[in-house]
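Trainee: File follows, my_file_30.cif with mmCIF, C-alpha atoms:
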data_start
#
loop_
_atom_site.label_atom_id
_atom_site.label_comp_id
_atom_site.auth_asym_id
_atom_site.auth_seq_id
_atom_site.Cartn_x
_atom_site.Cartn_y
_atom_site.Cartn_z
CA MET A 762 0.00 0.00 0.00
CA ALA A 763 2.84 2.34 0.89
CA SER A 764 4.52 1.72 -2.46
CA MET A 765 1.24 2.47 -4.29
CA SER A 766 0.86 5.70 -2.34
CA ARG A 767 4.41 6.71 -3.17
CA ALA A 768 3.92 5.94 -6.85
CA PHE A 769 0.71 8.01 -6.85
CA SER A 770 2.55 10.90 -5.20
CA PHE A 771 5.29 10.70 -7.84
CA SER A 772 2.65 10.84 -10.57
CA LEU A 773 1.05 13.93 -9.05
CA ILE A 774 4.42 15.64 -8.71
CA TYR A 775 5.26 14.71 -12.31
CA LEU A 776 2.01 16.19 -13.62
CA THR A 777 2.47 19.35 -11.57
CA LEU A 778 6.02 19.82 -12.82
CA LEU A 779 4.97 19.10 -16.40
CA ILE A 780 2.18 21.70 -16.30
CA SER A 781 4.48 24.26 -14.69
CA ALA A 782 7.28 23.55 -17.18
CA THR A 783 4.90 23.75 -20.14
CA GLN A 784 3.62 27.15 -19.00
CA GLN A 785 7.17 28.42 -18.61
CA GLU A 786 8.16 27.10 -22.04
CA VAL A 787 5.38 29.06 -23.72
CA GLU A 788 7.62 32.04 -23.07
CA GLU A 789 10.97 30.26 -23.37
CA ASP A 790 12.39 28.54 -26.43
CA THR A 791 16.04 27.78 -25.84
CA PRO A 792 18.37 24.86 -26.55
CA ILE A 793 17.76 23.63 -23.01
CA THR A 794 13.95 23.82 -23.12
CA ARG A 795 13.91 22.14 -26.53
CA PHE A 796 16.05 19.34 -25.08
CA GLN A 797 13.70 19.03 -22.10
CA ARG A 798 10.65 18.71 -24.34
CA TYR A 799 12.23 15.80 -26.19
CA LEU A 800 13.21 14.13 -22.92
CA ARG A 801 9.61 14.29 -21.68
CA ILE A 802 8.45 12.04 -24.52
CA ASN A 803 8.39 8.54 -23.05
CA THR A 804 10.17 6.31 -25.54
CA ALA A 805 11.07 3.64 -22.98
CA HIS A 806 10.48 -0.01 -23.72
CA PRO A 807 8.32 -2.02 -23.79
CA SER A 808 5.98 0.59 -25.35
CA PRO A 809 8.05 3.49 -26.71
CA ASP A 810 6.03 6.47 -27.97
CA TYR A 811 7.82 6.67 -31.30
CA SER A 812 5.01 8.63 -32.94
CA SER A 813 5.31 11.60 -30.57
CA ALA A 814 9.10 11.56 -30.74
CA VAL A 815 9.14 11.56 -34.55
CA SER A 816 6.51 14.32 -34.69
CA TYR A 817 8.53 16.51 -32.34
CA LEU A 818 11.83 15.97 -34.13
CA LYS A 819 10.24 16.46 -37.53
CA ALA A 820 8.85 19.82 -36.37
CA GLN A 821 12.32 20.83 -35.18
CA ALA A 822 13.81 19.79 -38.52
CA HIS A 823 11.21 21.77 -40.48
CA SER A 824 12.02 24.87 -38.42
CA LEU A 825 15.62 24.47 -39.63
CA GLY A 826 14.70 23.96 -43.27
CA LEU A 827 15.94 20.36 -43.32
CA HIS A 828 14.49 17.74 -45.64
CA THR A 829 12.61 15.03 -43.74
CA LYS A 830 11.63 11.49 -44.62
CA THR A 831 9.93 8.93 -42.41
CA LEU A 832 10.75 5.29 -43.16
CA GLU A 833 9.05 2.27 -41.61
CA PHE A 834 10.68 -1.09 -42.20
CA THR A 835 8.58 -2.67 -39.45
CA PRO A 836 5.02 -1.47 -38.72
CA GLY A 837 4.87 0.85 -35.72
CA LYS A 838 8.62 1.45 -35.67
CA PRO A 839 9.34 4.63 -37.66
CA LEU A 840 12.81 5.86 -38.60
CA LEU A 841 13.23 9.58 -39.23
CA LEU A 842 15.84 10.70 -41.76
CA LEU A 843 16.83 14.36 -41.91
CA THR A 844 18.98 15.85 -44.67
CA TRP A 845 20.92 19.07 -45.15
CA PRO A 846 21.92 18.88 -48.84
CA GLY A 847 25.51 19.68 -49.70
CA SER A 848 26.62 21.77 -52.65
CA ASP A 849 28.73 18.95 -54.17
CA PRO A 850 26.65 15.77 -54.66
CA SER A 851 29.67 13.98 -56.13
CA LEU A 852 31.14 13.73 -52.62
CA SER A 853 30.07 11.02 -50.19
CA SER A 854 27.81 12.15 -47.36
CA ILE A 855 28.18 12.34 -43.59
CA LEU A 856 25.75 10.51 -41.30
CA PHE A 857 24.99 11.39 -37.67
CA ASN A 858 23.04 8.62 -35.95
CA SER A 859 20.99 8.56 -32.74
CA HIS A 860 18.35 6.19 -31.41
CA LEU A 861 14.84 7.20 -30.39
CA ASP A 862 14.24 4.56 -27.73
CA SER A 863 15.41 4.19 -24.16
CA VAL A 864 15.42 1.53 -21.48
CA PRO A 865 12.69 1.43 -18.80
CA ALA A 866 12.94 3.52 -15.63
CA GLU A 867 11.49 2.98 -12.14
CA PRO A 868 10.08 6.36 -11.02
CA THR A 869 10.05 5.54 -7.30
CA LYS A 870 13.83 4.98 -7.38
CA TRP A 871 14.59 8.40 -8.88
CA LEU A 872 15.05 11.75 -7.15
CA HIS A 873 12.93 13.32 -9.89
CA HIS A 874 10.48 11.65 -12.26
CA PRO A 875 12.44 10.08 -15.16
CA PHE A 876 10.25 11.77 -17.78
CA SER A 877 9.91 15.17 -16.14
CA ALA A 878 13.28 16.45 -17.43
CA PHE A 879 13.52 18.32 -14.14
CA ARG A 880 16.33 20.87 -14.04
CA THR A 881 17.82 21.53 -10.62
CA THR A 882 19.19 24.85 -9.44
CA GLU A 883 22.66 23.37 -10.07
CA GLY A 884 21.73 22.76 -13.72
CA LYS A 885 21.35 18.98 -13.63
CA ILE A 886 18.65 17.74 -16.02
CA PHE A 887 17.17 14.47 -14.74
CA ALA A 888 15.61 12.22 -17.38
CA ARG A 889 15.81 8.79 -18.90
CA GLY A 890 17.71 9.28 -22.14
CA SER A 891 19.53 12.42 -21.02
CA GLN A 892 22.84 10.58 -21.59
CA ASP A 893 21.67 7.61 -23.67
CA ASP A 894 21.20 9.14 -26.09
CA LYS A 895 18.60 11.85 -26.67
CA CYS A 896 21.27 14.43 -25.90
CA ILE A 897 23.18 13.86 -29.13
CA ALA A 898 20.08 13.99 -31.33
CA MET A 899 19.20 17.45 -30.05
CA GLN A 900 22.83 18.56 -30.10
CA TYR A 901 23.03 17.65 -33.80
CA LEU A 902 19.99 19.84 -34.48
CA GLU A 903 21.16 22.74 -32.32
CA ALA A 904 24.58 22.69 -34.00
CA ILE A 905 22.88 22.79 -37.41
CA ARG A 906 20.70 25.67 -36.19
CA ASN A 907 23.76 27.69 -35.16
CA LEU A 908 25.66 26.95 -38.37
CA LYS A 909 22.69 27.97 -40.51
CA THR A 910 22.35 31.18 -38.52
CA ARG A 911 25.97 31.97 -39.37
CA GLY A 912 25.36 31.30 -43.07
CA PHE A 913 27.41 28.09 -43.25
CA SER A 914 26.84 25.80 -46.25
CA PRO A 915 28.16 22.22 -46.37
CA LEU A 916 29.91 20.75 -49.39
CA ARG A 917 28.92 17.22 -48.45
CA SER A 918 25.32 16.34 -47.70
CA LEU A 919 24.66 15.86 -44.01
CA HIS A 920 22.16 13.25 -42.81
CA VAL A 921 20.75 12.70 -39.33
CA SER A 922 19.17 9.28 -38.76
CA LEU A 923 16.88 8.83 -35.76
CA VAL A 924 16.30 5.12 -35.42
CA PRO A 925 14.07 2.85 -33.32
CA ASP A 926 14.85 -0.19 -31.19
CA GLU A 927 18.59 0.23 -30.56
CA GLU A 928 18.12 -0.76 -26.92
CA ILE A 929 16.69 -4.14 -27.94
CA GLY A 930 19.23 -4.93 -30.65
CA GLY A 931 18.36 -2.60 -33.51
CA PHE A 932 17.10 -5.45 -35.68
CA ASP A 933 13.96 -3.54 -36.74
CA GLY A 934 15.81 -0.23 -36.94
CA ALA A 935 19.40 0.33 -38.03
CA ALA A 936 19.88 -3.27 -39.21
CA LYS A 937 17.07 -2.98 -41.77
CA PHE A 938 17.95 0.61 -42.62
CA VAL A 939 21.49 -0.19 -43.79
CA GLU A 940 20.14 -2.94 -46.06
CA SER A 941 17.64 -0.62 -47.75
CA GLU A 942 17.80 1.18 -51.08
CA GLU A 943 17.18 4.45 -49.22
CA PHE A 944 20.41 3.96 -47.29
CA GLU A 945 22.39 2.99 -50.37
CA ARG A 946 21.31 6.19 -52.08
CA LEU A 947 22.77 8.25 -49.22
CA ASN A 948 26.32 7.24 -50.26
CA VAL A 949 27.62 7.57 -46.70
CA GLY A 950 31.38 8.06 -46.44
CA PHE A 951 31.70 8.53 -42.68
CA ALA A 952 29.39 8.32 -39.67
CA LEU A 953 29.18 9.27 -36.01
CA ASP A 954 27.09 7.36 -33.49
CA GLU A 955 26.71 7.40 -29.72
CA GLY A 956 29.57 7.04 -27.27
CA GLN A 957 29.60 7.38 -23.48
CA ALA A 958 30.15 10.02 -20.84
CA SER A 959 33.64 10.64 -19.51
CA PRO A 960 34.23 11.24 -15.78
CA GLY A 961 37.45 13.07 -16.68
CA GLU A 962 38.51 16.11 -18.70
CA GLU A 963 38.96 14.29 -22.01
CA PHE A 964 36.22 13.06 -24.33
CA ARG A 965 36.03 9.33 -24.90
CA VAL A 966 35.88 8.02 -28.46
CA PHE A 967 35.14 4.46 -29.57
CA TYR A 968 36.42 2.76 -32.73
CA ALA A 969 34.65 -0.59 -32.29
CA ASP A 970 31.99 -2.40 -30.27
CA ARG A 971 32.08 -5.78 -28.62
CA PHE A 972 29.64 -8.34 -30.01
CA PRO A 973 27.00 -10.07 -27.91
CA TRP A 974 26.48 -13.80 -27.93
CA HIS A 975 23.82 -15.47 -25.79
CA LEU A 976 24.65 -19.03 -24.79
CA LYS A 977 22.37 -21.63 -23.20
CA ILE A 978 24.05 -24.82 -21.98
CA LYS A 979 21.80 -27.79 -21.23
CA ALA A 980 22.65 -30.99 -19.40
CA LYS A 981 20.77 -34.28 -19.15
CA GLY A 982 21.22 -37.12 -16.73
CA GLN A 983 19.49 -39.92 -14.93
CA PRO A 984 16.88 -38.71 -12.45
CA GLY A 985 16.73 -40.31 -9.04
CA HIS A 986 16.26 -40.07 -5.32
CA GLY A 987 18.19 -37.32 -3.58
CA SER A 988 19.97 -39.88 -1.39
CA ARG A 989 21.64 -41.69 -4.30
CA MET A 990 25.08 -40.87 -5.66
CA TYR A 991 25.98 -41.77 -9.23
CA ASP A 992 28.03 -40.41 -12.11
CA ASN A 993 26.78 -38.06 -14.83
CA SER A 994 23.71 -36.62 -13.20
CA ALA A 995 22.31 -33.55 -14.95
CA MET A 996 23.43 -31.19 -12.18
CA GLU A 997 26.90 -32.74 -12.02
CA ASN A 998 27.35 -32.38 -15.76
CA LEU A 999 26.14 -28.79 -15.71
CA MET A 1000 28.43 -27.86 -12.80
CA LYS A 1001 31.42 -29.29 -14.68
CA SER A 1002 30.59 -27.00 -17.58
CA VAL A 1003 30.13 -24.02 -15.28
CA GLU A 1004 33.58 -24.69 -13.81
CA VAL A 1005 35.19 -24.78 -17.27
CA VAL A 1006 33.46 -21.55 -18.31
CA SER A 1007 34.48 -19.93 -15.01
CA ARG A 1008 38.14 -20.78 -15.60
CA PHE A 1009 38.00 -19.11 -19.02
CA ARG A 1010 36.29 -16.06 -17.48
CA GLU A 1011 38.97 -15.88 -14.80
CA SER A 1012 41.76 -16.03 -17.40
CA GLN A 1013 40.24 -13.04 -19.21
CA PHE A 1014 39.53 -11.08 -16.03
CA ASP A 1015 43.10 -11.63 -14.77
CA VAL A 1016 44.39 -9.72 -17.80
CA VAL A 1017 42.18 -6.78 -16.86
CA LYS A 1018 43.15 -6.92 -13.18
CA ALA A 1019 46.83 -6.91 -14.14
CA GLY A 1020 46.31 -3.70 -16.09
CA LYS A 1021 47.27 -5.31 -19.39
CA ALA A 1022 43.93 -4.58 -21.07
CA LEU A 1023 40.70 -2.70 -20.54
CA ASN A 1024 37.51 -4.60 -19.76
CA SER A 1025 36.33 -3.96 -23.32
CA GLU A 1026 39.49 -5.51 -24.79
CA VAL A 1027 38.89 -9.04 -23.51
CA VAL A 1028 36.09 -11.56 -23.96
CA SER A 1029 33.64 -11.30 -21.09
CA VAL A 1030 31.50 -14.23 -19.97
CA ASN A 1031 28.92 -13.82 -17.24
CA PRO A 1032 26.37 -16.35 -15.96
CA VAL A 1033 22.88 -14.84 -16.00
CA TYR A 1034 20.65 -17.72 -14.88
CA VAL A 1035 20.53 -21.35 -13.75
CA LYS A 1036 17.43 -23.46 -14.21
CA ALA A 1037 17.04 -26.90 -12.61
CA GLY A 1038 15.07 -28.86 -10.06
CA VAL A 1039 11.65 -30.45 -9.89
CA ALA A 1040 9.10 -27.84 -8.88
CA SER A 1041 6.80 -28.36 -5.91
CA GLU A 1042 3.95 -26.31 -4.52
CA ASN A 1043 6.29 -24.49 -2.15
CA GLY A 1044 9.45 -24.41 -4.23
CA PHE A 1045 11.33 -27.58 -5.21
CA PHE A 1046 11.37 -31.21 -4.19
CA MET A 1047 14.60 -31.48 -2.21
CA ASN A 1048 14.75 -35.27 -2.46
CA VAL A 1049 14.60 -35.50 -6.26
CA GLN A 1050 17.57 -35.20 -8.59
CA PRO A 1051 16.42 -33.57 -11.87
CA SER A 1052 16.90 -35.13 -15.28
CA GLU A 1053 17.69 -31.76 -16.89
CA ALA A 1054 19.59 -28.63 -15.89
CA GLU A 1055 20.37 -25.44 -17.79
CA ALA A 1056 22.51 -22.31 -17.44
CA GLY A 1057 22.62 -19.12 -19.49
CA PHE A 1058 25.64 -16.92 -20.22
CA ASP A 1059 26.13 -13.47 -21.68
CA LEU A 1060 29.27 -13.34 -23.84
CA ARG A 1061 30.85 -10.22 -25.33
CA LEU A 1062 33.47 -10.83 -28.00
CA THR A 1063 36.08 -8.31 -29.06
CA PRO A 1064 36.38 -7.41 -32.77
CA THR A 1065 39.61 -9.41 -32.99
CA THR A 1066 38.25 -12.56 -31.33
CA ASP A 1067 38.31 -15.57 -33.64
CA PRO A 1068 34.63 -16.59 -33.78
CA GLU A 1069 35.45 -20.07 -35.11
CA GLU A 1070 37.75 -20.73 -32.16
CA MET A 1071 35.04 -19.59 -29.74
CA ARG A 1072 32.48 -21.86 -31.41
CA ARG A 1073 34.93 -24.77 -31.15
CA LYS A 1074 35.59 -24.03 -27.48
CA ILE A 1075 31.88 -24.01 -26.71
CA ALA A 1076 31.20 -27.26 -28.58
CA MET A 1077 34.24 -29.23 -27.40
CA GLU A 1078 35.02 -27.85 -23.93
CA TRP A 1079 32.03 -26.01 -22.50
CA ALA A 1080 29.17 -28.27 -23.66
CA PRO A 1081 30.66 -31.54 -24.98
CA ALA A 1082 28.16 -34.06 -26.27
CA VAL A 1083 30.11 -36.88 -24.59
CA ARG A 1084 28.79 -35.58 -21.24
CA ASN A 1085 25.16 -35.50 -22.41
CA MET A 1086 25.48 -31.77 -23.02
CA SER A 1087 23.84 -29.63 -25.67
CA TYR A 1088 23.82 -25.91 -26.27
CA GLU A 1089 22.05 -23.09 -28.06
CA LEU A 1090 24.12 -20.17 -29.31
CA ILE A 1091 22.49 -16.95 -30.47
CA GLU A 1092 24.89 -14.58 -32.21
CA LYS A 1093 23.37 -11.10 -31.99
CA GLY A 1094 24.41 -9.25 -35.12
CA PRO A 1095 27.40 -9.08 -37.49
CA ILE A 1096 31.00 -9.78 -36.50
CA ARG A 1097 32.71 -9.04 -39.84
CA ASP A 1098 32.19 -6.38 -42.52
CA CYS A 1099 31.19 -6.93 -46.14
CA THR A 1100 34.79 -7.79 -47.05
CA GLY A 1101 35.33 -10.20 -44.15
CA ARG A 1102 37.36 -7.81 -42.02
CA PRO A 1103 36.84 -7.11 -38.29
CA LEU A 1104 34.35 -4.31 -37.56
CA VAL A 1105 36.99 -1.78 -36.56
CA THR A 1106 37.47 1.86 -37.58
CA ALA A 1107 41.11 2.91 -37.86
CA THR A 1108 42.22 5.70 -35.53
CA ASN A 1109 45.57 6.52 -37.09
CA ASP A 1110 47.00 8.32 -40.11
CA SER A 1111 45.67 5.62 -42.45
CA ASN A 1112 42.15 6.98 -41.91
CA PRO A 1113 41.77 10.59 -43.09
CA TRP A 1114 38.33 10.82 -41.44
CA TRP A 1115 39.96 10.17 -38.08
CA LEU A 1116 42.40 13.01 -38.65
CA VAL A 1117 39.59 15.42 -39.58
CA PHE A 1118 37.53 14.31 -36.57
CA LYS A 1119 40.43 14.69 -34.14
CA GLN A 1120 41.39 18.12 -35.47
CA ALA A 1121 37.77 19.32 -35.28
CA VAL A 1122 37.50 18.31 -31.61
CA GLU A 1123 40.78 20.04 -30.84
CA SER A 1124 39.66 23.15 -32.75
CA ALA A 1125 36.73 23.33 -30.34
CA GLY A 1126 39.24 23.54 -27.49
CA GLU A 1127 38.78 19.94 -26.36
CA LYS A 1128 40.91 16.81 -25.98
CA LEU A 1129 40.32 13.14 -26.74
CA SER A 1130 41.36 10.23 -24.56
CA ARG A 1131 42.94 7.10 -26.04
CA PRO A 1132 40.46 5.51 -28.49
CA GLU A 1133 38.62 2.55 -26.99
CA ILE A 1134 36.50 -0.46 -27.83
CA LEU A 1135 33.01 0.02 -26.42
CA ALA A 1136 32.30 -2.69 -23.84
CA SER A 1137 28.68 -2.98 -24.96
CA THR A 1138 27.00 -2.75 -28.37
CA THR A 1139 25.47 0.03 -30.48
CA ASP A 1140 23.98 0.48 -33.94
CA ALA A 1141 27.44 1.47 -35.18
CA ARG A 1142 28.12 -2.21 -35.88
CA TYR A 1143 25.55 -2.24 -38.69
CA LEU A 1144 27.21 0.74 -40.35
CA ARG A 1145 30.68 -0.77 -39.95
CA GLN A 1146 29.34 -3.97 -41.50
CA LYS A 1147 28.89 -1.96 -44.71
CA GLY A 1148 32.54 -0.93 -44.62
CA ILE A 1149 31.74 2.60 -43.43
CA PRO A 1150 34.17 4.16 -40.91
CA VAL A 1151 32.21 4.99 -37.74
CA LEU A 1152 33.24 6.57 -34.45
CA GLY A 1153 31.21 6.40 -31.26
CA PHE A 1154 31.22 9.81 -29.64
CA SER A 1155 29.07 11.65 -27.10
CA PRO A 1156 30.65 14.95 -25.97
CA MET A 1157 30.09 14.66 -22.22
CA LYS A 1158 33.16 15.30 -20.06
CA ASN A 1159 33.34 15.60 -16.27
CA THR A 1160 30.15 13.54 -16.23
CA PRO A 1161 29.36 10.35 -14.29
CA ILE A 1162 28.40 7.39 -16.47
CA LEU A 1163 24.68 6.94 -15.75
CA LEU A 1164 23.23 5.29 -18.84
CA HIS A 1165 20.55 2.73 -17.81
CA ASP A 1166 20.98 3.81 -14.17
CA HIS A 1167 18.59 5.40 -11.70
CA ASN A 1168 18.81 9.21 -11.68
CA GLU A 1169 20.35 9.48 -15.14
CA HIS A 1170 21.09 13.16 -15.68
CA LEU A 1171 23.19 15.61 -17.66
CA GLN A 1172 24.56 18.99 -16.63
CA ASP A 1173 23.16 21.86 -18.72
CA THR A 1174 26.62 23.36 -19.29
CA VAL A 1175 27.92 19.99 -20.52
CA TYR A 1176 25.01 19.76 -22.94
CA MET A 1177 25.62 23.28 -24.27
CA ASN A 1178 29.34 22.64 -24.69
CA GLY A 1179 28.51 19.55 -26.75
CA ILE A 1180 26.59 21.71 -29.22
CA LYS A 1181 29.73 23.77 -29.77
CA VAL A 1182 31.75 20.60 -30.39
CA TYR A 1183 29.25 19.33 -32.97
CA GLU A 1184 29.35 22.69 -34.76
CA SER A 1185 33.08 22.16 -35.24
CA LEU A 1186 32.59 18.54 -36.31
CA ILE A 1187 29.82 19.25 -38.80
CA SER A 1188 31.64 22.15 -40.41
CA SER A 1189 34.93 20.22 -40.67
CA LEU A 1190 33.57 16.87 -41.81
CA SER A 1191 31.13 18.33 -44.34
CA THR A 1192 33.82 20.44 -46.02
CA PHE A 1193 36.51 17.74 -46.11
CA THR A 1194 37.56 17.34 -49.76
CA GLU A 1195 40.10 14.51 -49.84
CA ALA A 1196 40.02 13.47 -53.51
CA SER A 1197 39.29 9.75 -53.04
CA TYR A 1198 36.57 10.19 -50.45
#
Written as structure tokens, that's how I'd like the structure from this file.
Mentor:
Amino acid sequence: MASMSRAFSFSLIYLTLLISATQQEVEEDTPITRFQRYLRINTAHPSPDYSSAVSYLKAQAHSLGLHTKTLEFTPGKPLLLLTWPGSDPSLSSILFNSHLDSVPAEPTKWLHHPFSAFRTTEGKIFARGSQDDKCIAMQYLEAIRNLKTRGFSPLRSLHVSLVPDEEIGGFDGAAKFVESEEFERLNVGFALDEGQASPGEEFRVFYADRFPWHLKIKAKGQPGHGSRMYDNSAMENLMKSVEVVSRFRESQFDVVKAGKALNSEVVSVNPVYVKAGVASENGFFMNVQPSEAEAGFDLRLTPTTDPEEMRRKIAMEWAPAVRNMSYELIEKGPIRDCTGRPLVTATNDSNPWWLVFKQAVESAGEKLSRPEILASTTDARYLRQKGIPVLGFSPMKNTPILLHDHNEHLQDTVYMNGIKVYESLISSLSTFTEASY
């Protein structure tokens, strides 16, 4: 009852704040209030309000004179494509990507309602999506607004893609988009996608993602009375597999603990569930040994991991058939590009886009940390699969990493500084004229 009362109180506070904020915004129309309006649109799963988000962003794009096109590869999951045409159509285009959706939030565990976009007196804007990643979508648009005000004209066409379903794999969003004729016609030469906040003074930049595999290991054995001891029971076989997997996990984690690699530079394996036992009315029968047992693991492979070797290891060592083991492996997305190469974007002199990107960030008075592999996964993998160089970048420095966390927030000054950085990036990337690109 107390939790219901608290939830009701949160709802009342949310409505009060929303009405008050709306009244204030009738008079105010600033980069911050425009950001807050987008944050208040609830695009959290399992029922993201894509329609309202697309309508709002389309209105913003029209106010900037951008071309808009709504694509829908899966019913109810729109993708909004915005275009600022360049003066030289012979040059490849630049793509800035952001996802519309966000993960769920529990209002009672937040200081401020996750869809109120409440701004504190210290300038912290609390909202689900404030870091991941509604901030960059609005920063793209605000940077374009400022450049247009100054009379800037791009040589290369600039596209902004606002895609659905990234948080649940992107299969009905970016994955289908990159396979479409509409995408092919864009002739994308370079792209930026989301990154992560940096607690320090330097911006983080990501040149690759790790790749998720979901593994289910199943064991079978003779059922029997709990008092009997015999070889090759289902639980015994499963525990042997868990021990083997744990040793591999430890070998990878030891490299991280020794400071020889970052967490994102090794293969991570984490158990996420175990399922066994014979169910009873009050739990499980404690005197019955089950005939089946199952465990699930979340794996994240680095771009340089040999997938064939990992498949062999799973089949021969982790779930060998000789121990009555079987397994189900779900590989979530691509692991090589269209030419068979690892999905990695070069961050050295061999990649002229990297040099332009780095110089543009420095021209804005900022610094980059050492390029990293992102520990998780973004839609950038689908673009890299097409052979397109992509960097993951979200200009948030001196900011705690709060994506998917309670009380996700972004400082207003950090948000405004990011707009300035994107102005530099858009102007530099869209006027880059290297002959072969």
Trainee: I would like the residues chosen by the PyMOL selection byres ((chain A and resi 998-1002) around 8) on the shown file; could you give them as an MDAnalysis selection string?
Mentor: chainID A and resid 978:982 993:997 1003:1006 1054:1056 1078:1080 1084:1086
Trainee: Starting from the PyMOL selection byres ((chain A and resi 1136) around 6), expand the selection into actual residues of this file and give them as a PDB file with C-alpha atoms, in the coordinates of the input.
Mentor:
ATOM      1  CA  ARG A 971      32.080  -5.780 -28.620  1.00  0.00           C
ATOM      2  CA  SER A1025      36.330  -3.960 -23.320  1.00  0.00           C
ATOM      3  CA  LEU A1135      33.010   0.020 -26.420  1.00  0.00           C
ATOM      4  CA  SER A1137      28.680  -2.980 -24.960  1.00  0.00           C
TER       5      SER A1137
END
Trainee: Please write the residues picked by the PyMOL selection byres ((chain A and resi 799) around 10) on this file as an MDAnalysis selection string.
Mentor: chainID A and resid 794:798 800:804 813:815 817:818 861 876 878 890:891 895:896 898:899
Trainee: Could you work out how far atom CA of Pro1032 of chain A lies from atom CA of Ser988 of chain A, giving the answer in Å with one decimal?
Mentor: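 If I compute the distance from atom CA of Ser988 of chain A to atom CA of Pro1032 of chain A, I get 28.4 Å.
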Trainee: At most 9 Å from (33.0, 13.1, -45.4), file frame, only C-alpha atoms: which residues, as a list in words?
Mentor: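 Those residues, ordered by chain and then number, are Leu852, Ser853, Ser854, Ile855, Leu856, Arg917, Ser918, Leu919, Val949, Gly950, Phe951, Ala952, Trp1114, Ser1189, Leu1190, Ser1191, Thr1192, Phe1193, Thr1194, Glu1195 and Tyr1198 of chain A.
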Trainee: Of the candidates A:Arg946, A:His860, A:Lys1018, A:Lys1119, which one gets nearest to Val966 of chain A if we count only C-alpha atoms?
Mentor: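 Ranking A:Arg946, A:His860, A:Lys1018, A:Lys1119 by distance to Val966 of chain A, first place goes to A:Lys1119.
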Trainee: Select, from A:Thr869, A:Ser824, A:Asn1031, A:Gln892, the residue with the minimum atom-to-atom distance to Leu1171 of chain A, counting all atoms listed in the file.
Mentor: A:Gln892
